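Asker: Pasting a structure here, questions to come.
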Amino acid sequence: MTATDALETRLRHGLRNQWFAVLPSSHVTTTPTSIYRCGFRIVLWRDHLGRAYALEDHCPHRGAPLSQGTPMGDKIACPYHGVQVDADGVAVKVPGSPGCRLEGMRATRSFPLQERAGAIFLFVGENNDTPPTELRLPEEFSDPDYSSFLCYTEWGGDYRYVIDNVMDPMHGTFLHHHSHSMSEGDSIANFRIVETDHGFVFEKDAQRGVNFDWTEFLDLGSMWLKLEIPYPKTGGPGGNFMIMGTYTPMQDGWSGVFHWRLRKVTGWQRDAWRFLYRNRLEARHWHVLEQDRVLIEDYEPGANQREILYQHDAGLVRLRRYLKQKAEQQLEACANG
């Protein structure tokens with residue numbers, strides 16, 4: 001594999017030594033679930049106490065999918081020959097050949113797992129024995145003044161197109177101009193980049209609180225894009241409508257899309273907003289997301305290889321460069337042992 005191919009593979013599958021949201025918590029039950037994320041096929045399940053586990057969906061004996069097997073607490077038994085693999089990826093029992101060399105081997109990849117904000121996060125290390133970093137979420141998730149809903153979907157497009165879309169405040173004025181909250185503001189704007197401790201803000205110069213005016217990128221060991229949309233009075237009480245997003249590569253050409261919708265509301269206003277959101281606003285927001293999905297899924301293969309970018313694209317260029325440099329550093333570290 002050439003260096004160029006290795007770099008593209010790393011970017012397509014996602015960086016290593018990062019936490020990725022992989023599913024809403026409610027999607028993982030005592031029945032094993034098989035998913036593709038970050039270049040791996042992964043099985044997730046819960047024990048009878050509700051604790052979740054994640055392994056590569058691959059039996060170390062003959063490669064059968066463990067997801068077709070039987071959960072046994074913190075272990076799962078392969079359906080093919082009954083090999084039991086524990087949550088650390090160790091083959092703890094081989095019923096057909098007790099004491100064979102497979103028993104005791106850590107031969108299946110395991111994934112450190114945490115549940116936060118209603119989602120399952122997995123740490124995808126460079127290697128199976130890479131220790132996980134601390135999982136840090138944006139501060140709004142731990143602020144009791146914020147109330148949030150998780151909206152999860154899967155799109156038929158490269159996750160990098162989803163990132164480009166969110167790192168593009170200008171598209172709201174055009175693609176979403178019929179939205180209840182994105183029809184305001186100037187259709188001509190200059191942009192600037194403001195560096196922060198954990199990333200940068202890409203914002204319209206001299207326009208705040210009007211439309212989709214800015215996006216912030218944060219790398220906290222998990223990667224996030226944050227934006228705000230000013231709400232009309234019909235949107236109910238509370239502050240601006242905040243969207244916190246993180247995006248995860250699935251199998252090639254598919255993306256896991258996580259958007260948390262947040263508002264800074266307390267007391268009776270929180271109850272009023274949550275009721276209004278569920279009964280009226282959520283459908284509007286899915287309508288806006290559908291406009292993005294339809295556009296991204298209709299991109300031709302390699303469309304981003306024939307771009308002619310201009311000033312409005314400075315944010316996504318900055319973020320692409322950041323991801324590329326981080327991928328190059330990781331590959332260089334691997335090459336140097």
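Chain labels follow the order of the structure tokens: the first chain is A, the next B, and so on; residue numbering restarts at 1 in every chain, and ligands are counted from 1 in their shown order.
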Can you check which residues of stretch 227-277 of chain A DSSP gives as alpha helix (DSSP H) on the backbone and send them as a PyMOL selection string?

Answerer: chain A and resi 267-276

Asker: As an NGL selection string, please: all residues of stretch 98-289 of chain A that backbone DSSP puts in strand (DSSP E).

Answerer: :A and (113-116 or 119-124 or 146-155 or 191-196 or 199-204 or 214-219 or 223-229 or 241-249 or 255-264)

Asker: With distances taken over only C-alpha atoms, which of A:Cys38, A:Arg116, A:Thr215, A:Leu7 is nearest to A:Gln251?

Answerer: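 Looking at the shortest contact to A:Gln251, the residue is A:Cys38.
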
Asker: If we count only C-alpha atoms, what is near A:Gly69 at a cut-off of 9 Å, once residues fewer than 6 positions away on the same chain are taken out, given as a PyMOL selection string?

Answerer: chain A and resi 32+76-80+82

Asker: Would you mind telling me which residue in A:Gly157, A:Val85, A:Asp47, A:Cys59 lies nearest to A:Glu300 when using only C-alpha atoms?

Answerer: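 Checking each of A:Gly157, A:Val85, A:Asp47, A:Cys59 against A:Glu300, counting only C-alpha atoms, the winner is A:Gly157.
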